[in-house]
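Each remark here refers to the structure printed beneath this line.
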Amino acid sequence: MARVDRIDSVPGEEGAGPGGRYNGAMSDPAIYAARREALMQAIGANGVAVVASLPERLRNGDAFHPFRQASDVFYLTGFVEPETTLVLRPGAEIDKFVMFVRPRDPEMETWDGRRAGLEGAVARYGANVAYPSAELRTRIGDLICNTDELHYALGNDPAMDTAITGALARLRHLEKKGKRPPRAVVDPRAALHELRLHKRPEELAALRMACAITADAHILAMRTGKPGVFEHEVEAHIDFTFRRRGGDGPGYTSIIGAGDNATILHYIENRCAIADGDLVLVDAGCEYGHYTSDITRTFPANGTFTAPQRRVYELVLRVQKAAIAMAKPGATLDQIHQYCVRELTVGMVALGLLTGDVDELIRAETYKRFYPHGTSHWLGLDVHDAGAYTVDGKARLLAPGMVITVEPGLYIPSDAENVPAELRGIGVRIEDDLAITAEGCEVLTRACPKEIVDVEAACRA
Ligand code: GLY
Ligand code: MN
Ligand code: MN
């Protein structure tokens, strides 16, 4: 039974420690306190939120994947350790913010690294009270009972789901003792993800840095991705830039696809040699302070687009730039996507990739043969960031503070039938990240070249 109440300071724990290493504005505890306050306002006095880390995952043998904090936990605390559960109780008289964390353990810390412990959770992460992670099951029922709505993401972690549903089942039998379960379990999109959708200035600052580093990495990729070089060598240059510039690393697995590999949407093997005449598609984004960029560029390995490559690239670029111009308050991602679908379909007919009436090609979704994915998604702590895409069944209107991608592409596999032979094996995607502003949008990734003349110059540098 270990409980630590609020304390003013923890001797010897000032300065950078576990979770204290996040630099810049994002290390300010007031930022996270304001987010928790906003969440508590949103869920109301009759609600309670339980937000948990995902489990550490074995990679192979006894080696684990590097742990990366669940974005919801990070958003509310900046706390980066595993085995963490947050309980936010806006209606409680005391202990409105409870953290379950790994306790200090000198022997374990010698092996696996420092821990903030219960003391650090209270002193540095703002918990009113902290308990050991191992006590979650026995305590969670008392923390969530007698509320109306439990905001909890069912389905992410079976072990945590069992802890929660077990507590709900036990509470059903304790009504005579004055404890009843919450009446409803509510998806975290309702309150927490609505907050995450609207980026605050400190989040935009982190995203700007992530995008600036990523732009540099793509420029280096253009410079180094020459014929004879392997895709994984380009990936190594990208990873080097991400880490050297202070990023956490890639925000998602980088795609480096040369030639026909560029037509495989989620190509992540990155093991082939780049050939003379190849286009190289690179989709890579740096995570900085837990916020990720998401840029795609496509460049000619030998520094010059061939005429067919240029025709496909110019089409995608023209459509992408026009789509970016549509990104402003009041527009919807669906409108942007529908615009791209129509313009790309018109272009596909002009290129000889498709034949027939444009309206019918769209209605029958024939265009998906060469443009099978969506145009945009939210961007933030997750590459496909949190936030509902519809509100009351209608496409959500864009508003200042939302961050999105715009990423049209065309992918013509080398074995595509009934297409001009010179277009086979060409894959092009151009992806930028935008922050919606009052007037329109700020292109966060504008430092990354995409005009043909600029891309060719970067490749020849
Ligand atoms: N890199 C993932 C995406 O573009 O959606
Ligand atoms: Mn994307
Ligand atoms: Mn991408």
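Quick note on naming: the chains in the structure tokens go A, B, ... in the order shown, residues restart at 1 in each chain, and ligands are numbered from 1 in order of appearance.
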Selection as number ranges by chain: residues within 8 Å of ligand 1 by only C-alpha atoms and all ligand atoms
A: 252-255, 283-285, 294-296, 376-377, 383-384, 405, 407, 431
When DSSP works through the backbone of this structure, what residues of range 43-207 of chain A end up as helix (DSSP H, G or I), shown as a PyMOL selection string?
chain A and resi 43+71-77+106-112+117-123+133-144+158-172+175-177+188-190+192-197+201-207
Test item: residues at most 7 Å from range 208-210 of chain A, only C-alpha atoms, excluding those fewer than 6 positions along its chain, as an NGL selection string
:A and (286-288 or 291-293 or 444)
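Residue neighbourhood of Arg396 in chain A, excluding near-sequence residues (fewer than 5 positions): A:Gly330, A:Ala331, A:Thr332, A:Leu333, A:Asp334, A:Ala388, A:Tyr389, A:Thr390, A:Val391, at 9 Å, using only C-alpha atoms.
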Those residues with N, CA, C and O atoms, as a PDB file, in the first residue's frame please?
```pdb
ATOM      1  N   GLY A 330     -13.774  26.577 -42.800  1.00  0.00           N
ATOM      2  CA  GLY A 330     -15.068  26.379 -43.457  1.00  0.00           C
ATOM      3  C   GLY A 330     -15.043  25.320 -44.538  1.00  0.00           C
ATOM      4  O   GLY A 330     -16.084  24.775 -44.893  1.00  0.00           O
ATOM      5  N   ALA A 331     -13.862  25.039 -45.087  1.00  0.00           N
ATOM      6  CA  ALA A 331     -13.753  23.950 -46.071  1.00  0.00           C
ATOM      7  C   ALA A 331     -13.756  22.616 -45.330  1.00  0.00           C
ATOM      8  O   ALA A 331     -13.638  22.570 -44.105  1.00  0.00           O
ATOM      9  N   THR A 332     -13.900  21.521 -46.074  1.00  0.00           N
ATOM     10  CA  THR A 332     -13.834  20.194 -45.447  1.00  0.00           C
ATOM     11  C   THR A 332     -12.788  19.339 -46.167  1.00  0.00           C
ATOM     12  O   THR A 332     -12.477  19.567 -47.345  1.00  0.00           O
ATOM     13  N   LEU A 333     -12.286  18.351 -45.438  1.00  0.00           N
ATOM     14  CA  LEU A 333     -11.326  17.428 -46.052  1.00  0.00           C
ATOM     15  C   LEU A 333     -11.997  16.662 -47.186  1.00  0.00           C
ATOM     16  O   LEU A 333     -11.343  16.312 -48.178  1.00  0.00           O
ATOM     17  N   ASP A 334     -13.282  16.422 -47.049  1.00  0.00           N
ATOM     18  CA  ASP A 334     -13.986  15.711 -48.108  1.00  0.00           C
ATOM     19  C   ASP A 334     -14.026  16.540 -49.395  1.00  0.00           C
ATOM     20  O   ASP A 334     -13.820  16.013 -50.497  1.00  0.00           O
ATOM     21  N   ALA A 388     -12.347  13.342 -34.621  1.00  0.00           N
ATOM     22  CA  ALA A 388     -13.407  12.798 -35.479  1.00  0.00           C
ATOM     23  C   ALA A 388     -13.437  13.569 -36.798  1.00  0.00           C
ATOM     24  O   ALA A 388     -13.262  14.789 -36.820  1.00  0.00           O
ATOM     25  N   TYR A 389     -13.689  12.845 -37.870  1.00  0.00           N
ATOM     26  CA  TYR A 389     -13.741  13.475 -39.198  1.00  0.00           C
ATOM     27  C   TYR A 389     -15.132  13.985 -39.539  1.00  0.00           C
ATOM     28  O   TYR A 389     -15.291  14.748 -40.477  1.00  0.00           O
ATOM     29  N   THR A 390     -16.106  13.509 -38.782  1.00  0.00           N
ATOM     30  CA  THR A 390     -17.471  13.984 -39.015  1.00  0.00           C
ATOM     31  C   THR A 390     -18.060  14.490 -37.696  1.00  0.00           C
ATOM     32  O   THR A 390     -17.653  14.055 -36.614  1.00  0.00           O
ATOM     33  N   VAL A 391     -18.983  15.408 -37.824  1.00  0.00           N
ATOM     34  CA  VAL A 391     -19.708  15.933 -36.660  1.00  0.00           C
ATOM     35  C   VAL A 391     -21.192  15.840 -37.004  1.00  0.00           C
ATOM     36  O   VAL A 391     -21.626  16.388 -38.022  1.00  0.00           O
TER      37      VAL A 391
END
```
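The interatomic distance for the pair CA of Ile264 in chain A and CA of Gly247 in chain A works out to 27.2 Å.
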Shortest contact to ligand 2, candidates A:Arg243, A:Arg124, A:Arg189, A:Arg297, atoms counted only C-alpha atoms and all ligand atoms, goes to A:Arg297
Using only C-alpha atoms, determine which residues lie at most 8 Å from Gln309 in chain A, disregarding the query and same-chain residues fewer than 2 positions distant; provide the list as a list in words.
Leu279, Phe305, Thr306, Ala307, Arg311, Val312, Tyr313, Leu423 and Ile426 of chain A
Given only C-alpha atoms and all ligand atoms as the basis, pick out the residue of A:Tyr339, A:Tyr267, A:Phe64, A:Phe230 nearest to ligand 3.
A:Tyr267
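Using only C-alpha atoms, the nearest neighbour of Gln320 in chain A within the list A:Glu119, A:Glu107, A:Glu456, A:Glu343 is A:Glu343.
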Name all residues at most 12 Å from Ala322 in chain A (count only C-alpha atoms; drop same-chain ones fewer than 4 positions away) and give them as JSON, numbers by chain.
{"A": [315, 316, 317, 318, 326, 327, 336, 337, 339, 340, 343, 344, 406, 407, 408]}
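Among the candidate residues A:Gly120, A:Gly380, A:Pro82, A:Pro188, the one lying nearest to ligand 2 is A:Gly380, with distances computed using only C-alpha atoms and all ligand atoms.
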Using Å and a single decimal, report how far CA of Ser414 in chain A sits from CA of Gln338 in chain A.
26.9 Å
I'd like the contact shell of Leu136 in chain A - 9 Å cut-off, only C-alpha atoms, skipping same-chain residues fewer than 3 positions apart - returned as a JSON list (two decimals) with C-alpha atoms, in the first residue's frame.
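Result file around18.json:
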```json
[["chain", "number", "residue", "atom", "x", "y", "z"],
["A", 85, "THR", "CA", -2.48, 5.10, -16.07],
["A", 100, "PHE", "CA", -0.49, 4.99, -11.48],
["A", 131, "TYR", "CA", 0.07, 4.82, -6.70],
["A", 132, "PRO", "CA", 2.17, 1.94, -8.03],
["A", 133, "SER", "CA", 0.96, 0.57, -11.39],
["A", 139, "ARG", "CA", -8.06, 0.82, -6.72],
["A", 140, "ILE", "CA", -9.68, 1.70, -10.04],
["A", 141, "GLY", "CA", -13.23, 0.81, -8.96],
["A", 163, "ALA", "CA", -9.09, -4.29, -15.42]]
```
Among the residues A:Ile430, A:Ala70, A:Ile31, A:Leu150, the one that comes closest to ligand 3 [using only C-alpha atoms and all ligand atoms]
A:Ile430
Test item, strand (DSSP E or B) assignment across range 3-233 of chain A, answer as a VMD selection string
chain A and resid 4 to 5 47 to 52 58 to 60 63 to 64 85 to 88 97 to 101 129 to 132 149 to 151 184 to 186 230
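Interatomic distance, CA of Tyr32 in chain A against CA of Gly401 in chain A: 17.6 Å.
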